[in-house]
Structures are given as C-alpha cells and as structure tokens.
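Below: the structure, in structure tokens.
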Amino acid sequence: MEPEKMRLQKYLALCGVASRRMAETIIRSGRVTVDGQVANAMGLTVDGSQQVTVDGKLIAPEEHKVYILLHKPEGYVSTVKDPEGRPTVMSLLGQWKERVYPVGRLDYDSSGLLMLTNDGELAHRLTHPRHEVSKCYLALVEGIPSGHILNELRRGVMLDGRRTAPAEVTCTPLGEWASEIEMVIHEGRNRQIRRMCESIGHPVKALKRIAIGGLSLGELPEGEWRLATKDDLDKMTGES
C-alpha cells in the first residue's frame, strides 16, 4: 500500500510546527524545503518519505500529542516568536520537550483562555470557520448600551463591508459609566469583539475570553496553565 499523500501545510501541522493556516504563511515565506528544494508554493503534497525541513531543521510527525490550557494575561502575544521583541505566551510555559504552538488568536491587550498544542488536526478543527466553534468573551465597555444597540450586535454589524454573523449578547450595567457585555461568536475576524463594540459607540476597555466551545476558563489563575484532560477536549470539540 502506498503512503498517504497530504498537502504540505497539513504535514507541517501534524509535525507540530504550526496550525495549517500559519503553516501556509511559513511555506510562502520560503522557510520550508522538501528533499533540499525550497517549497514556497501552495499545492505541494508529501507522503512522509521525504526530508522536510523548516528553518533548516528536519521535522517529523509528533507522536505524543500535548494539549495545554493557558490563562493568557494582557501584554503577551499569542505567537511562538515576535519580531518586535514583545513577550510571547511561550515564555509562560517554561521548557517543553514537544514543540507546541498557540491555537487561534488572542490579542496582545486581551486576556483569557488560550490553547497550545502540537495536534494540527485539532487546531484546524477549532479554528476553521466551517466548524463554527463558539468563543465566549467578557468585554468591559464604556457607557451603557441601549436595547436597540444590543440588538444590532445580536443581528450583526458591518465590518470591512461584510456583516458579522449573529451573536449571543447579554449586558450588565456597572454603575453609570460602564457595562460588562458577554458575547458569544462563531467567527474569528481580527479584533472582532473590539471592532464590533467600537462600531456601536461603546469602546472596549478590557477584554477576556472565558470559553472555547464547551470549555470554560474556570478558576485557572492568570498567567498559569494546566494540561487538558480528555473531558476538556471533548467539551472543546462538542463531543461530550
């Protein structure tokens, strides 16, 4: 039986290099070689018999899958490295034998639940729009939105000429000058929650992600992490 062929970006994800989406960026940047030849175009397939390198280092599929749940603080970027020299979430983990990377995006100035793994298939499932994995956020916003304004968020607002998908929205006033909005979305546009709230005239002062799929941040302290259990993974993928 011939080995199964797969797209190079999928192979990189299986090797724990990055998610498929980020792997595509790595490939386009010319950092990947297959049998000594730079592979910087999409569509190339491999079957595991070739020698594949990233940044000159030979890679191979990860046999031991790792799943880490992290309470990301503000002031960290959700990448393995940062060209601007800002602290990354990797510095919160210490030393790991396995290569892991963040799943999805949580902005530098946001906090909350973030997953890191070397399981490219799960990362793909959690981030690809087709799977519509829900994400719940708590946003501290300026002012007290009216019921009409909140309904705009629920129906979707225009961002970059395209309406956001319907969202679940609840609002709790905090005194006269601020409110806490809890919002559940199924998309992952760049800085989406902040931009949605800005568009209705209630800018975000602080933002925390409290759940991904059926998994909640719970009591995990800020800056701390723990290994995910099978029950955690079932909740995140909707299989519980």
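The way I read the labels, and the way they are meant: chains A, B, ... in the order of the structure tokens, residue 1 as the first residue of every chain, and ligand 1 as the first ligand shown, with later ones counted on from there.
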
Residue list (helix (DSSP H, G or I), DSSP) for chain A, as an NGL selection string: :A and (8-14 or 20-28 or 89-92 or 120-127 or 129-131 or 147-155 or 192-199 or 230-237)

Surrounding residues of Leu140 of chain A excluding itself and chain neighbours under 5 positions, 9 Å, only C-alpha atoms, as a list of chain:residue names: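 Here the qualifying residues turn out to be A:Ala178, A:Ser179, A:Glu180, A:Ile181, A:Glu182, A:Pro203, A:Val204, A:Lys205, A:Ala206, A:Leu207, A:Lys208.
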
Take the selection from the previous step and output its residues with N, CA and C atoms, as a compact mmCIF listing (two decimals), in the first residue's frame.
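Writing done, so here's out.txt:
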```txt
# COMPACT_ATOMS: atom_id res chain seq x y z
N ALA A 178 -20.12 52.49 32.75
CA ALA A 178 -19.53 51.32 32.12
C ALA A 178 -20.49 50.13 32.21
N SER A 179 -20.26 49.16 31.34
CA SER A 179 -21.07 47.94 31.31
C SER A 179 -20.17 46.75 31.01
N GLU A 180 -20.67 45.58 31.37
CA GLU A 180 -19.99 44.33 31.01
C GLU A 180 -20.87 43.60 30.00
N ILE A 181 -20.32 43.39 28.82
CA ILE A 181 -21.04 42.67 27.77
C ILE A 181 -20.45 41.27 27.64
N GLU A 182 -21.31 40.28 27.74
CA GLU A 182 -20.90 38.90 27.45
C GLU A 182 -21.37 38.57 26.05
N PRO A 203 -16.70 51.71 23.16
CA PRO A 203 -15.36 51.11 23.06
C PRO A 203 -15.05 50.17 24.21
N VAL A 204 -14.24 49.16 23.91
CA VAL A 204 -13.84 48.17 24.91
C VAL A 204 -12.67 48.71 25.74
N LYS A 205 -12.79 48.59 27.05
CA LYS A 205 -11.72 48.99 27.96
C LYS A 205 -10.89 47.79 28.41
N ALA A 206 -11.52 46.61 28.45
CA ALA A 206 -10.80 45.37 28.80
C ALA A 206 -11.58 44.21 28.20
N LEU A 207 -10.85 43.17 27.75
CA LEU A 207 -11.49 42.04 27.07
C LEU A 207 -10.86 40.73 27.53
N LYS A 208 -11.73 39.78 27.89
CA LYS A 208 -11.26 38.47 28.33
C LYS A 208 -12.07 37.38 27.63
```

Residues within 8 Å of Gly36 of chain A, only C-alpha atoms, excluding chain neighbours under 3 positions, as a list in words: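 Here the answer would be Thr33, Gln51 and Val52 of chain A.
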
Residues near segment 64-80 of chain A, anyone? I mean within 10 Å using only C-alpha atoms, not counting same-chain ones fewer than 3 positions away, as an mmCIF file with N, CA and C atoms, in the first residue's frame.
```cif
data_model
loop_
_atom_site.group_PDB
_atom_site.id
_atom_site.type_symbol
_atom_site.label_atom_id
_atom_site.label_comp_id
_atom_site.auth_asym_id
_atom_site.auth_seq_id
_atom_site.Cartn_x
_atom_site.Cartn_y
_atom_site.Cartn_z
ATOM 1 N N LEU A 14 0.816 18.430 11.385
ATOM 2 C CA LEU A 14 0.969 17.141 12.053
ATOM 3 C C LEU A 14 2.317 17.036 12.772
ATOM 4 N N GLY A 16 3.631 19.454 14.339
ATOM 5 C CA GLY A 16 3.633 20.386 15.458
ATOM 6 C C GLY A 16 4.334 21.690 15.179
ATOM 7 N N VAL A 17 4.496 22.033 13.896
ATOM 8 C CA VAL A 17 5.179 23.282 13.544
ATOM 9 C C VAL A 17 4.269 24.479 13.765
ATOM 10 N N ALA A 18 3.026 24.370 13.300
ATOM 11 C CA ALA A 18 2.066 25.466 13.395
ATOM 12 C C ALA A 18 0.718 24.949 12.922
ATOM 13 N N PRO A 61 6.420 13.951 12.123
ATOM 14 C CA PRO A 61 5.158 13.988 12.878
ATOM 15 C C PRO A 61 5.362 13.739 14.368
ATOM 16 N N GLY A 85 9.907 41.757 19.426
ATOM 17 C CA GLY A 85 10.550 41.522 20.712
ATOM 18 C C GLY A 85 9.632 41.555 21.910
ATOM 19 N N ARG A 86 8.319 41.548 21.674
ATOM 20 C CA ARG A 86 7.383 41.533 22.792
ATOM 21 C C ARG A 86 7.341 40.139 23.420
ATOM 22 N N PRO A 87 6.966 40.034 24.697
ATOM 23 C CA PRO A 87 6.884 38.706 25.325
ATOM 24 C C PRO A 87 5.784 37.874 24.674
ATOM 25 N N THR A 88 6.060 36.589 24.484
ATOM 26 C CA THR A 88 5.070 35.689 23.899
ATOM 27 C C THR A 88 4.558 34.740 24.972
ATOM 28 N N VAL A 89 3.431 34.111 24.674
ATOM 29 C CA VAL A 89 2.837 33.174 25.633
ATOM 30 C C VAL A 89 3.753 31.984 25.907
ATOM 31 N N MET A 90 4.692 31.704 25.004
ATOM 32 C CA MET A 90 5.592 30.577 25.202
ATOM 33 C C MET A 90 6.442 30.762 26.458
ATOM 34 N N SER A 91 6.725 32.016 26.807
ATOM 35 C CA SER A 91 7.560 32.271 27.977
ATOM 36 C C SER A 91 6.861 31.897 29.275
ATOM 37 N N LEU A 92 5.542 31.712 29.223
ATOM 38 C CA LEU A 92 4.784 31.344 30.420
ATOM 39 C C LEU A 92 4.810 29.846 30.679
ATOM 40 N N LEU A 93 5.277 29.056 29.704
ATOM 41 C CA LEU A 93 5.219 27.599 29.808
ATOM 42 C C LEU A 93 6.468 26.971 30.399
ATOM 43 N N TRP A 96 9.612 22.767 27.236
ATOM 44 C CA TRP A 96 8.829 21.602 26.821
ATOM 45 C C TRP A 96 9.638 20.795 25.825
ATOM 46 N N GLU A 98 8.252 18.636 23.703
ATOM 47 C CA GLU A 98 7.483 18.696 22.465
ATOM 48 C C GLU A 98 7.343 20.144 21.999
ATOM 49 N N ARG A 99 7.302 20.323 20.697
ATOM 50 C CA ARG A 99 7.050 21.641 20.114
ATOM 51 C C ARG A 99 5.548 21.891 20.144
ATOM 52 N N VAL A 100 5.106 22.991 20.736
ATOM 53 C CA VAL A 100 3.694 23.350 20.762
ATOM 54 C C VAL A 100 3.545 24.770 20.232
ATOM 55 N N TYR A 101 2.334 25.114 19.852
ATOM 56 C CA TYR A 101 2.068 26.456 19.337
ATOM 57 C C TYR A 101 0.652 26.861 19.721
ATOM 58 N N PRO A 102 0.374 28.173 19.781
ATOM 59 C CA PRO A 102 -0.963 28.639 20.157
ATOM 60 C C PRO A 102 -1.990 28.325 19.068
ATOM 61 N N VAL A 103 -3.188 27.997 19.495
ATOM 62 C CA VAL A 103 -4.298 27.735 18.580
ATOM 63 C C VAL A 103 -5.153 28.994 18.490
ATOM 64 N N GLY A 104 -5.236 29.567 17.315
ATOM 65 C CA GLY A 104 -6.037 30.765 17.143
ATOM 66 C C GLY A 104 -5.326 32.001 17.679
ATOM 67 N N ARG A 105 -6.078 33.073 17.779
ATOM 68 C CA ARG A 105 -5.516 34.376 18.116
ATOM 69 C C ARG A 105 -6.200 34.940 19.357
ATOM 70 N N LEU A 106 -5.388 35.475 20.257
ATOM 71 C CA LEU A 106 -5.899 36.276 21.370
ATOM 72 C C LEU A 106 -4.990 37.489 21.446
ATOM 73 N N ASP A 107 -5.564 38.677 21.271
ATOM 74 C CA ASP A 107 -4.778 39.885 21.064
ATOM 75 C C ASP A 107 -3.837 40.198 22.228
ATOM 76 N N TYR A 108 -2.812 40.951 21.915
ATOM 77 C CA TYR A 108 -1.798 41.385 22.890
ATOM 78 C C TYR A 108 -2.437 42.016 24.121
ATOM 79 N N ASP A 109 -3.454 42.856 23.897
ATOM 80 C CA ASP A 109 -4.075 43.579 25.006
ATOM 81 C C ASP A 109 -5.344 42.905 25.522
ATOM 82 N N SER A 110 -5.517 41.618 25.216
ATOM 83 C CA SER A 110 -6.646 40.833 25.730
ATOM 84 C C SER A 110 -6.117 39.704 26.599
ATOM 85 N N SER A 111 -6.991 39.167 27.436
ATOM 86 C CA SER A 111 -6.612 38.069 28.316
ATOM 87 C C SER A 111 -7.603 36.925 28.134
ATOM 88 N N GLY A 112 -7.313 35.806 28.817
ATOM 89 C CA GLY A 112 -8.280 34.719 28.828
ATOM 90 C C GLY A 112 -7.755 33.398 28.319
ATOM 91 N N LEU A 113 -8.700 32.527 27.967
ATOM 92 C CA LEU A 113 -8.401 31.139 27.640
ATOM 93 C C LEU A 113 -7.710 31.019 26.291
ATOM 94 N N LEU A 114 -6.576 30.316 26.285
ATOM 95 C CA LEU A 114 -5.821 30.049 25.072
ATOM 96 C C LEU A 114 -5.327 28.612 25.133
ATOM 97 N N MET A 115 -5.416 27.914 24.010
ATOM 98 C CA MET A 115 -4.916 26.551 23.946
ATOM 99 C C MET A 115 -3.625 26.511 23.148
ATOM 100 N N LEU A 116 -2.699 25.676 23.611
ATOM 101 C CA LEU A 116 -1.461 25.417 22.871
ATOM 102 C C LEU A 116 -1.350 23.915 22.684
ATOM 103 N N THR A 117 -0.901 23.495 21.503
ATOM 104 C CA THR A 117 -0.864 22.073 21.198
ATOM 105 C C THR A 117 0.133 21.787 20.084
ATOM 106 N N ASN A 118 0.377 20.510 19.840
ATOM 107 C CA ASN A 118 1.116 20.079 18.650
ATOM 108 C C ASN A 118 0.225 19.209 17.772
ATOM 109 N N ASP A 119 -1.070 19.236 18.056
ATOM 110 C CA ASP A 119 -2.050 18.448 17.300
ATOM 111 C C ASP A 119 -2.651 19.325 16.206
ATOM 112 N N GLY A 120 -2.103 19.198 15.004
ATOM 113 C CA GLY A 120 -2.553 20.051 13.905
ATOM 114 C C GLY A 120 -3.994 19.824 13.507
ATOM 115 N N LEU A 122 -6.561 18.931 15.498
ATOM 116 C CA LEU A 122 -7.450 19.596 16.447
ATOM 117 C C LEU A 122 -7.382 21.109 16.276
ATOM 118 N N ALA A 206 -11.517 46.606 28.452
ATOM 119 C CA ALA A 206 -10.803 45.369 28.805
ATOM 120 C C ALA A 206 -11.576 44.208 28.196
ATOM 121 N N LEU A 207 -10.846 43.174 27.748
ATOM 122 C CA LEU A 207 -11.489 42.044 27.072
ATOM 123 C C LEU A 207 -10.857 40.735 27.534
ATOM 124 N N LYS A 208 -11.732 39.781 27.889
ATOM 125 C CA LYS A 208 -11.264 38.467 28.330
ATOM 126 C C LYS A 208 -12.073 37.381 27.630
ATOM 127 N N ARG A 209 -11.383 36.355 27.102
ATOM 128 C CA ARG A 209 -12.084 35.190 26.552
ATOM 129 C C ARG A 209 -12.258 34.178 27.676
ATOM 130 N N ILE A 210 -13.505 33.777 27.908
ATOM 131 C CA ILE A 210 -13.782 32.902 29.048
ATOM 132 C C ILE A 210 -14.165 31.491 28.636
ATOM 133 N N LEU A 217 -12.890 28.833 31.060
ATOM 134 C CA LEU A 217 -11.630 29.178 31.709
ATOM 135 C C LEU A 217 -11.631 28.736 33.167
ATOM 136 N N GLY A 218 -12.786 28.823 33.793
ATOM 137 C CA GLY A 218 -12.914 28.379 35.179
ATOM 138 C C GLY A 218 -12.071 29.203 36.132
ATOM 139 N N GLU A 219 -11.458 28.538 37.099
ATOM 140 C CA GLU A 219 -10.693 29.220 38.139
ATOM 141 C C GLU A 219 -9.194 29.239 37.855
ATOM 142 N N LEU A 220 -8.795 28.917 36.626
ATOM 143 C CA LEU A 220 -7.371 28.915 36.294
ATOM 144 C C LEU A 220 -6.809 30.325 36.477
ATOM 145 N N PRO A 221 -5.799 30.494 37.353
ATOM 146 C CA PRO A 221 -5.279 31.847 37.624
ATOM 147 C C PRO A 221 -4.599 32.458 36.398
ATOM 148 N N GLU A 222 -4.626 33.763 36.307
ATOM 149 C CA GLU A 222 -3.992 34.466 35.196
ATOM 150 C C GLU A 222 -2.488 34.169 35.180
ATOM 151 N N GLY A 223 -1.993 33.843 33.977
ATOM 152 C CA GLY A 223 -0.581 33.531 33.815
ATOM 153 C C GLY A 223 -0.233 32.083 34.078
ATOM 154 N N GLU A 224 -1.209 31.287 34.540
ATOM 155 C CA GLU A 224 -0.975 29.877 34.842
ATOM 156 C C GLU A 224 -1.525 28.997 33.727
ATOM 157 N N TRP A 225 -1.107 27.723 33.718
ATOM 158 C CA TRP A 225 -1.557 26.774 32.702
ATOM 159 C C TRP A 225 -1.760 25.403 33.336
ATOM 160 N N ARG A 226 -2.467 24.557 32.622
ATOM 161 C CA ARG A 226 -2.615 23.160 33.028
ATOM 162 C C ARG A 226 -2.780 22.304 31.778
ATOM 163 N N LEU A 227 -2.492 21.024 31.905
ATOM 164 C CA LEU A 227 -2.708 20.101 30.806
ATOM 165 C C LEU A 227 -4.199 19.801 30.677
ATOM 166 N N ALA A 228 -4.684 19.746 29.459
ATOM 167 C CA ALA A 228 -6.091 19.445 29.220
ATOM 168 C C ALA A 228 -6.354 17.959 29.424
ATOM 169 N N THR A 229 -7.527 17.650 29.930
ATOM 170 C CA THR A 229 -7.959 16.272 30.088
ATOM 171 C C THR A 229 -8.769 15.849 28.869
ATOM 172 N N LYS A 230 -9.075 14.570 28.777
ATOM 173 C CA LYS A 230 -9.931 14.097 27.681
ATOM 174 C C LYS A 230 -11.293 14.769 27.752
ATOM 175 N N ASP A 232 -11.890 17.748 28.844
ATOM 176 C CA ASP A 232 -11.699 19.100 28.308
ATOM 177 C C ASP A 232 -11.775 19.095 26.783
ATOM 178 N N LEU A 233 -11.064 18.151 26.172
ATOM 179 C CA LEU A 233 -11.014 18.083 24.701
ATOM 180 C C LEU A 233 -12.386 17.764 24.132
#
```

Two-atom distance - atom CA of Gly56 of chain A, atom CA of Gln95 of chain A (Å):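 Computed distance, atom CA of Gly56 of chain A to atom CA of Gln95 of chain A, equals 21.5 Å.
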
Quick one: which segment 9-70 of chain A residues come within 12 Å of segment 126-136 of chain A, and what is the nearest atom pair for each with the distance in Å to one decimal, counting only C-alpha atoms, rows ordered by chain and ascending number, as a Markdown table?
```
| residue | atom | partner | partner_atom | distance |
| --- | --- | --- | --- | --- |
| A:Ser19 | CA | A:Thr127 | CA | 8.8 |
| A:Arg20 | CA | A:His128 | CA | 9.5 |
| A:Arg21 | CA | A:His128 | CA | 8.9 |
| A:Met22 | CA | A:Thr127 | CA | 11.2 |
```

N, CA and C atoms of the current selection, written as a CSV table (one decimal), in the first residue's frame:
```csv
chain,number,residue,atom,x,y,z
A,19,SER,N,-0.3,25.8,13.1
A,19,SER,CA,-1.6,25.4,12.6
A,19,SER,C,-1.5,25.4,11.0
A,20,ARG,N,-2.5,24.8,10.4
A,20,ARG,CA,-2.5,24.8,8.9
A,20,ARG,C,-2.4,26.2,8.3
A,21,ARG,N,-3.2,27.1,8.9
A,21,ARG,CA,-3.2,28.5,8.3
A,21,ARG,C,-1.8,29.1,8.5
A,22,MET,N,-1.2,29.0,9.7
A,22,MET,CA,0.1,29.6,9.8
A,22,MET,C,1.1,28.9,9.0
```

Which of segment 42-77 of chain A fall in strand (DSSP E or B), as JSON, numbers by chain: {"A": [45, 46, 52, 53, 54, 57, 58, 67, 68, 69, 70, 71, 72, 77]}

Generate a file of the selected residues that holds C-alpha atoms, formatted as a PDB file, in the first residue's frame.
```pdb
ATOM      1  CA  THR A  45       1.933  17.135  -1.427  1.00  0.00           C
ATOM      2  CA  VAL A  46       4.180  14.837   0.597  1.00  0.00           C
ATOM      3  CA  VAL A  52      11.164  18.159   5.138  1.00  0.00           C
ATOM      4  CA  THR A  53      12.893  20.997   6.958  1.00  0.00           C
ATOM      5  CA  VAL A  54      11.686  24.269   8.461  1.00  0.00           C
ATOM      6  CA  LYS A  57      15.669  21.831  10.948  1.00  0.00           C
ATOM      7  CA  LEU A  58      14.392  18.382   9.949  1.00  0.00           C
ATOM      8  CA  TYR A  67      -2.795  19.942  24.948  1.00  0.00           C
ATOM      9  CA  ILE A  68      -2.206  22.917  27.239  1.00  0.00           C
ATOM     10  CA  LEU A  69      -4.822  25.336  28.566  1.00  0.00           C
ATOM     11  CA  LEU A  70      -3.397  28.741  29.468  1.00  0.00           C
ATOM     12  CA  HIS A  71      -4.898  31.813  31.125  1.00  0.00           C
ATOM     13  CA  LYS A  72      -3.177  34.432  28.979  1.00  0.00           C
ATOM     14  CA  VAL A  77       1.417  37.948  22.024  1.00  0.00           C
TER      15      VAL A  77
END
```

Option closest in space to Asn151 of chain A, from A:Val34, A:Ala13, A:Cys171, A:Leu8 [counting only C-alpha atoms]: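 Selected residue with least distance to Asn151 of chain A: A:Cys171.
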
Residue neighbourhood Thr172 of chain A, 12 Å, only C-alpha atoms, exclusion window fewer than 3 positions, as a list in words: Leu138, Ala139, Leu140, Val141, Glu142, Gly143, Ile144, Pro145, Ser146, Gly147, Leu150, Val169, Gly175, Glu176, Trp177, Ala178, Ser179, Glu180, Ile181, Glu182 and Met183 of chain A
